[in-house]
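protein_39.cif (mmCIF, C-alpha atoms) appears below.
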data_run
#
loop_
_atom_site.label_atom_id
_atom_site.label_comp_id
_atom_site.auth_asym_id
_atom_site.auth_seq_id
_atom_site.Cartn_x
_atom_site.Cartn_y
_atom_site.Cartn_z
CA MET T 1 54.55 1.60 63.22
CA SER T 2 58.29 1.34 62.54
CA VAL T 3 60.67 1.80 59.62
CA THR T 4 58.11 0.39 57.19
CA ALA T 5 55.36 2.82 58.19
CA PRO T 6 56.43 5.22 55.38
CA ASN T 7 55.76 4.08 51.81
CA GLY T 8 58.65 2.79 49.76
CA PHE T 9 60.33 0.67 52.41
CA ARG T 10 60.65 -3.04 53.13
CA ALA T 11 62.39 -4.66 56.09
CA ALA T 12 63.24 -8.00 57.62
CA GLY T 13 64.75 -9.47 60.77
CA VAL T 14 66.14 -13.01 60.73
CA SER T 15 68.29 -15.34 62.79
CA ALA T 16 71.71 -16.16 61.40
CA GLY T 17 73.10 -17.82 64.50
CA LEU T 18 75.20 -14.84 65.61
CA LYS T 19 73.46 -14.70 68.98
CA ARG T 20 73.97 -17.65 71.24
CA ASP T 21 70.28 -17.97 72.04
CA GLY T 22 69.25 -18.26 68.39
CA ALA T 23 67.23 -15.04 68.43
CA ARG T 24 66.98 -12.74 65.42
CA ASP T 25 70.30 -11.03 64.78
CA VAL T 26 70.35 -9.71 61.19
CA ALA T 27 68.13 -6.87 59.99
CA LEU T 28 67.70 -5.25 56.60
CA VAL T 29 65.86 -2.06 55.65
CA VAL T 30 65.43 -1.50 51.91
CA ASN T 31 64.47 1.74 50.20
CA ASP T 32 62.53 1.05 46.99
CA GLY T 33 62.37 4.72 46.08
CA PRO T 34 61.76 6.46 43.80
CA SER T 35 64.30 8.62 45.68
CA ARG T 36 67.34 7.42 47.62
CA ALA T 37 68.22 10.64 49.44
CA ALA T 38 69.92 9.93 52.75
CA ALA T 39 72.21 11.20 55.47
CA ALA T 40 73.87 9.71 58.52
CA VAL T 41 75.69 10.73 61.68
CA PHE T 42 78.22 8.58 63.47
CA THR T 43 80.14 8.19 66.71
CA ARG T 44 82.72 10.85 67.47
CA ASN T 45 84.87 8.26 69.20
CA ARG T 46 88.29 8.20 67.50
CA VAL T 47 88.21 4.40 67.70
CA LYS T 48 85.65 3.53 65.03
CA ALA T 49 84.39 0.11 64.03
CA ALA T 50 84.86 -1.12 60.46
CA PRO T 51 81.14 -0.65 59.60
CA VAL T 52 81.36 2.99 60.66
CA LEU T 53 84.41 3.62 58.49
CA TRP T 54 82.65 2.01 55.53
CA SER T 55 79.32 3.72 56.09
CA GLN T 56 80.88 7.16 56.50
CA GLN T 57 82.10 6.88 52.92
CA VAL T 58 78.71 5.68 51.70
CA ALA T 59 76.90 8.53 53.45
CA LYS T 60 79.08 11.12 51.70
CA GLY T 61 77.33 10.19 48.45
CA GLY T 62 73.93 11.21 49.85
CA ARG T 63 72.22 8.11 48.42
CA VAL T 64 71.39 4.89 50.30
CA ARG T 65 69.53 1.90 48.90
CA ALA T 66 69.61 -0.23 52.04
CA VAL T 67 70.88 -0.53 55.59
CA VAL T 68 72.01 -3.93 56.84
CA LEU T 69 72.51 -4.39 60.56
CA ASN T 70 73.76 -7.25 62.70
CA ALA T 71 73.81 -7.90 66.42
CA GLY T 72 76.08 -10.53 67.94
CA GLY T 73 79.36 -8.80 67.09
CA ALA T 74 80.57 -5.20 66.72
CA ASN T 75 83.30 -5.86 64.12
CA ALA T 76 85.33 -3.19 65.93
CA CYS T 77 89.11 -3.28 66.42
CA THR T 78 89.36 -6.14 63.92
CA GLY T 79 91.91 -4.57 61.57
CA PRO T 80 91.94 -4.73 57.77
CA ALA T 81 90.25 -8.14 57.80
CA GLY T 82 87.29 -6.65 59.67
CA PHE T 83 86.95 -3.91 57.06
CA GLN T 84 87.01 -6.56 54.33
CA ASP T 85 84.19 -8.34 56.19
CA THR T 86 82.14 -5.13 56.13
CA HIS T 87 82.85 -4.69 52.42
CA ALA T 88 81.80 -8.29 51.76
CA THR T 89 78.57 -7.74 53.67
CA ALA T 90 77.74 -4.67 51.57
CA GLU T 91 78.59 -6.53 48.38
CA HIS T 92 76.33 -9.40 49.38
CA VAL T 93 73.39 -7.08 50.04
CA ALA T 94 74.03 -5.27 46.77
CA ALA T 95 74.08 -8.54 44.82
CA ALA T 96 70.82 -9.65 46.42
CA LEU T 97 69.20 -6.33 45.46
CA ASP T 98 70.94 -6.10 42.06
CA ASP T 99 72.43 -2.79 43.12
CA SER T 100 75.68 -1.07 44.11
CA ALA T 101 77.64 -1.77 47.31
CA GLY T 102 78.47 1.94 47.36
CA GLU T 103 74.89 2.64 48.45
CA ILE T 104 74.70 0.07 51.26
CA ILE T 105 75.10 1.22 54.86
CA VAL T 106 76.46 -1.47 57.18
CA CYS T 107 75.95 -1.45 60.97
CA SER T 108 77.14 -3.90 63.61
CA THR T 109 76.71 -4.14 67.37
CA GLY T 110 78.00 -6.48 70.03
CA LEU T 111 81.33 -7.43 71.56
CA ILE T 112 84.42 -5.48 70.45
CA GLY T 113 87.58 -7.26 69.30
CA GLU T 114 86.16 -10.38 67.65
CA ARG T 115 85.73 -11.25 63.98
CA LEU T 116 82.24 -11.93 62.70
CA PRO T 117 81.37 -15.49 61.56
CA MET T 118 81.01 -14.42 57.95
CA PRO T 119 79.45 -17.56 56.43
CA ARG T 120 76.59 -17.37 58.92
CA LEU T 121 76.25 -13.60 58.55
CA LEU T 122 76.08 -13.74 54.76
CA GLU T 123 73.48 -16.51 54.91
CA GLY T 124 71.46 -14.28 57.18
CA VAL T 125 71.86 -11.33 54.83
CA GLN T 126 70.57 -13.44 51.96
CA ALA T 127 67.60 -14.63 54.00
CA ALA T 128 66.79 -11.07 55.04
CA ALA T 129 66.93 -9.84 51.46
CA GLU T 130 64.61 -12.62 50.31
CA SER T 131 62.07 -12.05 53.11
CA ALA T 132 62.07 -8.23 53.28
CA ALA T 133 58.47 -7.03 53.27
CA ARG T 134 56.26 -4.08 54.13
CA ASP T 135 55.32 -5.67 57.45
CA GLY T 136 58.90 -6.53 58.41
CA GLY T 137 59.64 -3.45 60.53
CA PRO T 138 58.98 -5.01 63.95
CA ASP T 139 61.15 -8.04 63.14
CA ALA T 140 63.98 -5.74 62.04
CA ALA T 141 63.73 -3.75 65.28
CA ASP T 142 63.84 -6.98 67.26
CA ALA T 143 66.89 -8.28 65.40
CA ILE T 144 69.19 -5.39 66.34
CA ARG T 145 68.75 -5.82 70.10
CA THR T 146 71.75 -6.77 72.25
CA THR T 147 71.15 -6.22 75.97
CA ASP T 148 67.92 -4.38 75.13
CA THR T 149 64.96 -5.99 76.84
CA VAL T 150 62.49 -4.59 74.30
CA ALA T 151 62.54 -3.34 70.71
CA LYS T 152 62.39 0.43 70.20
CA ILE T 153 60.17 1.83 67.43
CA ALA T 154 58.44 5.15 66.74
CA PHE T 155 56.56 6.98 64.00
CA LYS T 156 54.85 10.29 63.22
CA ARG T 157 52.53 11.43 60.45
CA GLY T 158 53.03 14.79 58.81
CA THR T 159 51.16 16.68 56.12
CA GLY T 160 51.14 14.11 53.34
CA TYR T 161 54.09 12.03 54.58
CA THR T 162 55.18 9.71 57.38
CA ILE T 163 58.36 9.28 59.45
CA GLY T 164 59.24 5.94 61.04
CA GLY T 165 62.17 4.76 63.11
CA MET T 166 63.82 1.96 65.05
CA ALA T 167 66.74 1.99 67.45
CA LYS T 168 68.73 -0.22 69.77
CA GLY T 169 70.80 0.66 72.80
CA ALA T 170 70.75 -0.08 76.51
CA GLY T 171 74.26 0.72 77.72
CA MET T 172 77.18 3.02 76.88
CA LEU T 173 74.53 5.66 76.23
CA ALA T 174 76.44 8.90 76.00
CA PRO T 175 76.83 12.10 74.02
CA ALA T 176 78.53 11.75 70.67
CA LEU T 177 75.61 9.32 70.31
CA ALA T 178 75.44 6.12 72.28
CA THR T 179 76.04 2.42 71.80
CA MET T 180 73.12 2.74 69.53
CA LEU T 181 72.05 1.98 66.03
CA CYS T 182 69.11 3.90 64.62
CA VAL T 183 67.39 3.82 61.24
CA ILE T 184 64.84 6.50 60.40
CA THR T 185 62.74 6.40 57.24
CA THR T 186 60.38 8.80 55.54
CA ASP T 187 58.39 8.86 52.32
CA ALA T 188 58.78 12.64 52.12
CA ASP T 189 60.59 14.02 49.09
CA LEU T 190 63.85 15.46 50.43
CA THR T 191 67.27 16.24 49.00
CA PRO T 192 70.41 14.74 50.52
CA ALA T 193 71.36 18.20 51.83
CA GLN T 194 67.97 18.54 53.53
CA CYS T 195 68.33 15.07 55.06
CA ASP T 196 71.74 15.98 56.43
CA GLY T 197 70.74 19.31 57.94
CA LEU T 198 67.50 18.06 59.43
CA LEU T 199 69.06 14.91 60.88
CA ARG T 200 71.94 16.77 62.50
CA ALA T 201 69.59 19.31 64.04
CA ALA T 202 67.34 16.57 65.47
CA THR T 203 70.25 14.48 66.74
CA ARG T 204 71.85 17.44 68.51
CA ARG T 205 68.78 17.92 70.70
CA THR T 206 67.95 14.26 71.33
CA PHE T 207 70.49 11.43 70.95
CA ASP T 208 73.40 13.73 71.77
CA ARG T 209 71.73 14.49 75.11
CA VAL T 210 71.29 10.91 76.25
CA ASP T 211 73.98 10.04 78.81
CA SER T 212 73.51 6.93 80.92
CA ASP T 213 77.13 6.30 81.85
CA GLY T 214 79.43 8.75 80.06
CA CYS T 215 80.83 6.08 77.74
CA ALA T 216 80.81 6.57 73.95
CA SER T 217 80.73 3.50 71.73
CA THR T 218 82.75 2.63 68.63
CA ASN T 219 79.74 1.76 66.44
CA ASP T 220 77.12 4.50 66.87
CA THR T 221 75.18 5.17 63.69
CA VAL T 222 71.98 7.09 62.94
CA VAL T 223 70.69 6.94 59.36
CA LEU T 224 67.86 8.88 57.71
CA MET T 225 66.52 7.60 54.37
CA ALA T 226 63.91 9.40 52.25
CA SER T 227 62.07 7.38 49.58
CA GLY T 228 60.05 10.27 48.14
CA ALA T 229 57.22 7.78 47.65
CA SER T 230 54.58 10.17 48.99
CA GLY T 231 55.44 12.76 46.37
CA THR T 232 55.28 15.42 49.10
CA ALA T 233 58.01 18.01 49.50
CA PRO T 234 57.46 18.84 53.17
CA ASP T 235 57.61 22.12 54.98
CA GLU T 236 61.08 21.95 56.52
CA ALA T 237 60.01 23.42 59.84
CA GLU T 238 57.21 20.89 60.24
CA PHE T 239 59.36 18.00 59.12
CA GLY T 240 62.20 19.02 61.42
CA ALA T 241 59.86 19.22 64.38
CA LEU T 242 58.37 15.78 63.68
CA LEU T 243 61.78 14.24 63.06
CA THR T 244 62.94 15.61 66.40
CA GLU T 245 59.86 14.10 68.05
CA VAL T 246 60.67 10.67 66.57
CA CYS T 247 64.30 10.92 67.71
CA ASP T 248 63.19 12.13 71.15
CA ASP T 249 60.76 9.23 71.46
CA LEU T 250 63.48 6.72 70.59
CA ALA T 251 66.03 8.41 72.87
CA ARG T 252 63.64 8.21 75.82
CA GLN T 253 63.00 4.54 75.07
CA LEU T 254 66.76 3.95 75.21
CA ILE T 255 67.02 5.56 78.65
CA ALA T 256 63.93 3.71 79.88
CA ASP T 257 65.63 0.41 78.97
CA ALA T 258 69.15 1.32 80.11
CA GLU T 259 71.13 -1.51 81.66
CA GLY T 260 70.28 -2.08 85.31
CA ALA T 261 68.54 1.28 85.71
CA THR T 262 65.79 1.82 88.26
CA LYS T 263 65.41 5.56 87.57
CA SER T 264 64.96 7.54 84.35
CA ILE T 265 66.33 10.98 85.15
CA ALA T 266 65.80 14.25 83.30
CA VAL T 267 68.40 16.85 84.26
CA GLU T 268 66.98 20.25 83.30
CA VAL T 269 69.18 23.31 83.43
CA VAL T 270 67.33 26.61 83.13
CA GLY T 271 68.35 30.21 83.50
CA ALA T 272 71.62 29.65 81.65
CA ALA T 273 73.56 32.34 79.82
CA SER T 274 73.76 30.15 76.70
CA GLU T 275 72.47 26.82 75.45
CA ASP T 276 76.03 25.46 75.53
CA ASP T 277 76.29 26.40 79.21
CA ALA T 278 72.99 24.67 79.91
CA VAL T 279 74.11 21.48 78.16
CA GLU T 280 77.50 21.50 79.89
CA ALA T 281 75.97 21.92 83.34
CA ALA T 282 73.27 19.31 82.73
CA ARG T 283 75.81 16.84 81.39
CA SER T 284 78.03 17.31 84.44
CA VAL T 285 75.16 16.42 86.78
CA ALA T 286 74.13 13.50 84.56
CA ARG T 287 77.67 12.10 84.73
CA SER T 288 78.12 12.47 88.49
CA ASN T 289 78.44 8.93 89.81
CA LEU T 290 77.95 10.25 93.35
CA PHE T 291 74.63 11.85 92.43
CA LYS T 292 73.50 8.85 90.36
CA CYS T 293 74.24 6.52 93.28
CA ALA T 294 72.30 8.82 95.61
CA LEU T 295 69.23 8.62 93.38
CA PHE T 296 69.57 4.83 93.23
CA GLY T 297 69.34 4.93 97.03
CA GLU T 298 66.40 7.39 96.76
CA ASP T 299 68.45 10.02 98.58
CA PRO T 300 67.72 13.59 97.31
CA ASN T 301 71.34 14.64 97.86
CA TRP T 302 71.22 17.99 96.06
CA GLY T 303 74.71 18.94 97.22
CA ARG T 304 76.17 16.41 94.79
CA ALA T 305 74.28 18.02 91.91
CA LEU T 306 75.44 21.48 92.92
CA ALA T 307 79.04 20.26 93.24
CA ALA T 308 78.87 18.80 89.72
CA VAL T 309 77.66 22.10 88.27
CA GLY T 310 80.58 23.81 90.03
CA THR T 311 83.12 21.85 87.97
CA THR T 312 81.89 23.36 84.69
CA GLY T 313 82.79 26.52 82.84
CA ALA T 314 79.16 27.67 82.73
CA ALA T 315 78.49 31.26 83.75
CA PHE T 316 76.77 31.51 87.16
CA GLU T 317 77.20 32.82 90.67
CA PRO T 318 77.24 30.02 93.27
CA ASP T 319 75.01 31.95 95.67
CA GLU T 320 72.34 32.43 92.99
CA VAL T 321 71.84 28.76 91.99
CA ASN T 322 68.61 26.92 92.83
CA VAL T 323 68.04 23.14 92.63
CA ALA T 324 64.77 21.22 92.63
CA ILE T 325 64.25 17.46 92.69
CA ASN T 326 60.82 16.33 91.54
CA GLY T 327 59.47 19.83 92.04
CA VAL T 328 60.81 20.41 95.55
CA TRP T 329 63.30 23.32 95.68
CA VAL T 330 65.77 21.71 98.04
CA CYS T 331 68.43 24.35 97.30
CA ARG T 332 67.71 28.07 97.12
CA ARG T 333 70.35 30.68 96.31
CA GLY T 334 73.15 28.16 96.78
CA ALA T 335 72.03 27.13 100.26
CA ILE T 336 69.47 25.02 102.12
CA GLY T 337 65.98 25.25 100.64
CA ASP T 338 62.82 23.27 101.29
CA ASP T 339 62.95 20.15 103.47
CA ARG T 340 64.52 17.35 101.41
CA ALA T 341 62.19 14.90 103.16
CA LYS T 342 59.41 16.27 100.94
CA VAL T 343 61.04 14.79 97.83
CA ASP T 344 59.31 11.62 96.63
CA LEU T 345 61.79 9.36 94.81
CA SER T 346 59.71 6.18 94.99
CA GLY T 347 58.83 6.23 91.29
CA ARG T 348 60.99 5.58 88.26
CA ASP T 349 60.84 9.05 86.71
CA VAL T 350 62.96 11.76 88.32
CA THR T 351 63.34 15.39 87.26
CA VAL T 352 66.27 17.42 88.53
CA THR T 353 66.03 21.14 87.79
CA VAL T 354 69.04 23.42 88.14
CA ASP T 355 68.35 27.16 87.82
CA LEU T 356 71.63 28.99 87.18
CA SER T 357 69.94 32.40 87.38
CA ALA T 358 72.34 33.65 84.70
CA GLY T 359 70.16 34.03 81.59
CA SER T 360 67.21 32.65 79.66
CA GLU T 361 68.61 29.54 77.93
CA ALA T 362 67.77 25.95 78.88
CA ALA T 363 68.61 22.35 77.97
CA THR T 364 67.82 18.85 79.21
CA VAL T 365 70.09 15.81 79.39
CA TRP T 366 68.61 12.37 80.13
CA THR T 367 70.42 9.89 82.33
CA THR T 368 69.84 7.00 84.75
CA ASP T 369 70.86 6.01 88.24
CA LEU T 370 74.00 3.94 88.85
CA THR T 371 72.97 0.54 90.14
CA THR T 372 74.40 -2.79 91.21
CA GLY T 373 72.51 -4.27 88.27
CA TYR T 374 74.49 -2.08 85.86
CA VAL T 375 77.77 -3.22 87.42
CA HIS T 376 76.87 -6.90 87.25
CA GLU T 377 75.62 -6.71 83.66
CA ASN T 378 78.75 -5.00 82.39
CA ALA T 379 81.10 -7.10 84.47
CA ASP T 380 79.69 -10.23 82.87
CA TYR T 381 79.05 -8.85 79.35
CA SER T 382 81.66 -10.83 77.39
CA SER T 383 80.51 -14.09 78.94
#
Show me, as structure tokens, the structure contained in the file I just sent.
Amino acid sequence: MSVTAPNGFRAAGVSAGLKRDGARDVALVVNDGPSRAAAAVFTRNRVKAAPVLWSQQVAKGGRVRAVVLNAGGANACTGPAGFQDTHATAEHVAAALDDSAGEIIVCSTGLIGERLPMPRLLEGVQAAAESAARDGGPDAADAIRTTDTVAKIAFKRGTGYTIGGMAKGAGMLAPALATMLCVITTDADLTPAQCDGLLRAATRRTFDRVDSDGCASTNDTVVLMASGASGTAPDEAEFGALLTEVCDDLARQLIADAEGATKSIAVEVVGAASEDDAVEAARSVARSNLFKCALFGEDPNWGRALAAVGTTGAAFEPDEVNVAINGVWVCRRGAIGDDRAKVDLSGRDVTVTVDLSAGSEAATVWTTDLTTGYVHENADYSS
């Protein structure tokens, strides 16, 4: 049901002692082929962790044999020594698989600004390589968790092929990806160029529209590997749609498990002049701390949403905008609409709809409320 659902893949999740509680913290996903086509997208933060810098170079080759991931330390802002640690990790995986370090993606997640305990990490890498198996997907998904309360996995079956995925992330969920690591596998027969185009298209409409707190991480990585083990060259339209569904499923799981959240909020902007306008307006509402606090207090304060839209460059006339919260149109034509007391915010799922009345384009950004739990968790994170 995870990254080992497609044929041609093995995985493992082991404990190397990187997490203080002794839980699993090293994961490995191995592509046994016959193809190694792959692509990846990374954080657009200018401050990039050593594993990102390494893996960006690997991804340029369009071939990936394995992805090794560790929790318990981000290996970010660790200088040349941190990059050497990433290189050593890739070399260790390559030696265990009798392969090339140039085809090993490395991912790390955890606290920024601390070196990884390399002896323990490399022992964990060796153990993961020795135990990688077809049923190891769930353990791998468990091993990459940091503040996640649950593992995130998804899969879809296409016409003669399968797509599987795992992800982690519960905070710093923002556009330009999130504080997330994601590995997606398929046994479809794809070229590296197809992997790249299809992954970027899926990411743009899913992970790039997850925004829990407006903060972009240093380590974000999403990898797609195609083993070709099914022997099926898929219809690109079908594959792209299914890949987007897998990414969407994982993205929604990230929001559902966001740090301290009590509400999962879909901000829908409709009637926009362009898709970019719709995304910009939705993102502005999703990043409004005032509005997020209001929803935490179960207050349908639509004025805060309207004010957030007004800070954007989207095309609209203020006296033509409508806003609904959970189906109640509390704002009509930029003014008072239906009685806000009709809005039921007692559940976890909230839908905010903003109609710009300026066109036919639409987009959705997913966010959460801003809670005391989020503040406490992030205030105490390094301890």
Which residues, named as in the file, does the PyMOL selection byres ((chain T and resi 20) around 12) pick out? Answer as a tab-separated table (two decimals) with C-alpha atoms, in the coordinates of the input.
chain	number	residue	atom	x	y	z
T	15	SER	CA	68.29	-15.34	62.79
T	16	ALA	CA	71.71	-16.16	61.40
T	17	GLY	CA	73.10	-17.82	64.50
T	18	LEU	CA	75.20	-14.84	65.61
T	19	LYS	CA	73.46	-14.70	68.98
T	21	ASP	CA	70.28	-17.97	72.04
T	22	GLY	CA	69.25	-18.26	68.39
T	23	ALA	CA	67.23	-15.04	68.43
T	24	ARG	CA	66.98	-12.74	65.42
T	25	ASP	CA	70.30	-11.03	64.78
T	71	ALA	CA	73.81	-7.90	66.42
T	72	GLY	CA	76.08	-10.53	67.94
T	73	GLY	CA	79.36	-8.80	67.09
T	110	GLY	CA	78.00	-6.48	70.03
T	146	THR	CA	71.75	-6.77	72.25
T	382	SER	CA	81.66	-10.83	77.39
T	383	SER	CA	80.51	-14.09	78.94
>> Using the chain letters and numbers from this file, what does the PyMOL selection byres ((chain T and resi 66) around 6) select? Give the answer as a PyMOL selection string.
In response: chain T and resi 29-31+64-65+67+104
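Applied to the file shown here, the PyMOL selection byres ((chain T and resi 187) around 6) selects Pro6, Asn7, Tyr161, Thr186, Ala188, Ala226, Ser227, Gly228, Ala229 and Ser230 of chain T.
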> Which residues, written as a PyMOL selection string, have at least one atom at most 6 Å from stretch 235-246 of chain T, with all atoms listed in the file counted and residues fewer than 2 positions away on the same chain left out?
Replying inline: chain T and resi 154+198+202+248-249
>> Need the shell around stretch 132-145 of chain T: protein/DNA/RNA residues with any atom at most 7 Å away, counting all atoms listed in the file. Skip same-chain ones fewer than 5 positions apart. Format as a ChimeraX atom specification?
In response: /T:2-4,9-14,24-28,69-71,151-153,166-168
>> Counting only C-alpha atoms, which residue out of T:Asp32, T:Asp355, T:Asp220, T:Glu361 sits closest to T:Ala49?
In response: T:Asp220
> atom CA of T:His87 and atom CA of T:Pro117, how far apart in Å?
Replying inline: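 Between these atoms lies a distance of 14.2 Å.
Remark: for T:Val150, the closest of the candidate residues T:Cys195, T:Leu250, T:Ala127, T:Ala90 is T:Leu250 (distances computed over only C-alpha atoms).
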> So, counting all atoms listed in the file, which residue among T:Phe296, T:Asn45, T:Ala37, T:Cys215 is closest to T:Gln194?
Replying inline: T:Ala37
> Neighbours of T:Ala324 within 10 Å (all atoms listed in the file; same-chain residues fewer than 2 positions away dropped), as a PyMOL selection string?
Replying inline: chain T and resi 268+300+302+322+326-332+337-338+340+343+351-355
May I have the residues from that selection written out with C-alpha atoms, as a PDB file, keeping the file's coordinate frame?
ATOM      1  CA  GLU T 268      66.980  20.250  83.300  1.00  0.00           C
ATOM      2  CA  PRO T 300      67.720  13.590  97.310  1.00  0.00           C
ATOM      3  CA  TRP T 302      71.220  17.990  96.060  1.00  0.00           C
ATOM      4  CA  ASN T 322      68.610  26.920  92.830  1.00  0.00           C
ATOM      5  CA  ASN T 326      60.820  16.330  91.540  1.00  0.00           C
ATOM      6  CA  GLY T 327      59.470  19.830  92.040  1.00  0.00           C
ATOM      7  CA  VAL T 328      60.810  20.410  95.550  1.00  0.00           C
ATOM      8  CA  TRP T 329      63.300  23.320  95.680  1.00  0.00           C
ATOM      9  CA  VAL T 330      65.770  21.710  98.040  1.00  0.00           C
ATOM     10  CA  CYS T 331      68.430  24.350  97.300  1.00  0.00           C
ATOM     11  CA  ARG T 332      67.710  28.070  97.120  1.00  0.00           C
ATOM     12  CA  GLY T 337      65.980  25.250 100.640  1.00  0.00           C
ATOM     13  CA  ASP T 338      62.820  23.270 101.290  1.00  0.00           C
ATOM     14  CA  ARG T 340      64.520  17.350 101.410  1.00  0.00           C
ATOM     15  CA  VAL T 343      61.040  14.790  97.830  1.00  0.00           C
ATOM     16  CA  THR T 351      63.340  15.390  87.260  1.00  0.00           C
ATOM     17  CA  VAL T 352      66.270  17.420  88.530  1.00  0.00           C
ATOM     18  CA  THR T 353      66.030  21.140  87.790  1.00  0.00           C
ATOM     19  CA  VAL T 354      69.040  23.420  88.140  1.00  0.00           C
ATOM     20  CA  ASP T 355      68.350  27.160  87.820  1.00  0.00           C
TER      21      ASP T 355
END
>> Set the distance at 8 Å and use all atoms listed in the file: which residues neighbour T:Ala50 once local chain neighbours fewer than 4 positions away are removed? I'd like the list as a list in words.
In response: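 So the residues in contact are Trp54, Asn75, Ala76, Cys77, Thr78, Gly79, Gly82, Phe83 and Thr86 of chain T.
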Could those selected residues go to a file with C-alpha atoms, as a short mmCIF file (atom, residue, chain, number, x, y, z; two decimals), in the coordinates of the input?
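So out.cif came out as:
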data_model
loop_
_atom_site.label_atom_id
_atom_site.label_comp_id
_atom_site.auth_asym_id
_atom_site.auth_seq_id
_atom_site.Cartn_x
_atom_site.Cartn_y
_atom_site.Cartn_z
CA TRP T 54 82.65 2.01 55.53
CA ASN T 75 83.30 -5.86 64.12
CA ALA T 76 85.33 -3.19 65.93
CA CYS T 77 89.11 -3.28 66.42
CA THR T 78 89.36 -6.14 63.92
CA GLY T 79 91.91 -4.57 61.57
CA GLY T 82 87.29 -6.65 59.67
CA PHE T 83 86.95 -3.91 57.06
CA THR T 86 82.14 -5.13 56.13
#
>> I'd like to know which of T:Ile105, T:Ala281, T:Ile265, T:Val309 is closest to T:Ala362, using only C-alpha atoms.
In response: T:Ala281
> Of the candidates T:Ala94, T:Ala233, T:Ala273, T:Ala261, which one gets nearest to T:Asp213 if we count only C-alpha atoms?
Replying inline: T:Ala261
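When all atoms listed in the file are used to measure the gap to T:Ser131, the shortest distance among T:Val222, T:Leu97, T:Leu370, T:Val183 belongs to T:Leu97.
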>> Just the number, please: distance in Å from atom CA of T:Asp299 to atom CA of T:Val210, one decimal.
In response: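 Between atom CA of T:Asp299 and atom CA of T:Val210 the gap is 22.5 Å.
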>> Set the distance at 7 Å and use all atoms listed in the file: which residues neighbour T:Ala282 once local chain neighbours fewer than 3 positions away are removed? I'd like the list as a list of chain:residue names.
In response: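 Selected residues are T:Val267, T:Glu268, T:Val269, T:Ala278, T:Val279, T:Val285, T:Ala286, T:Thr364, T:Val365.
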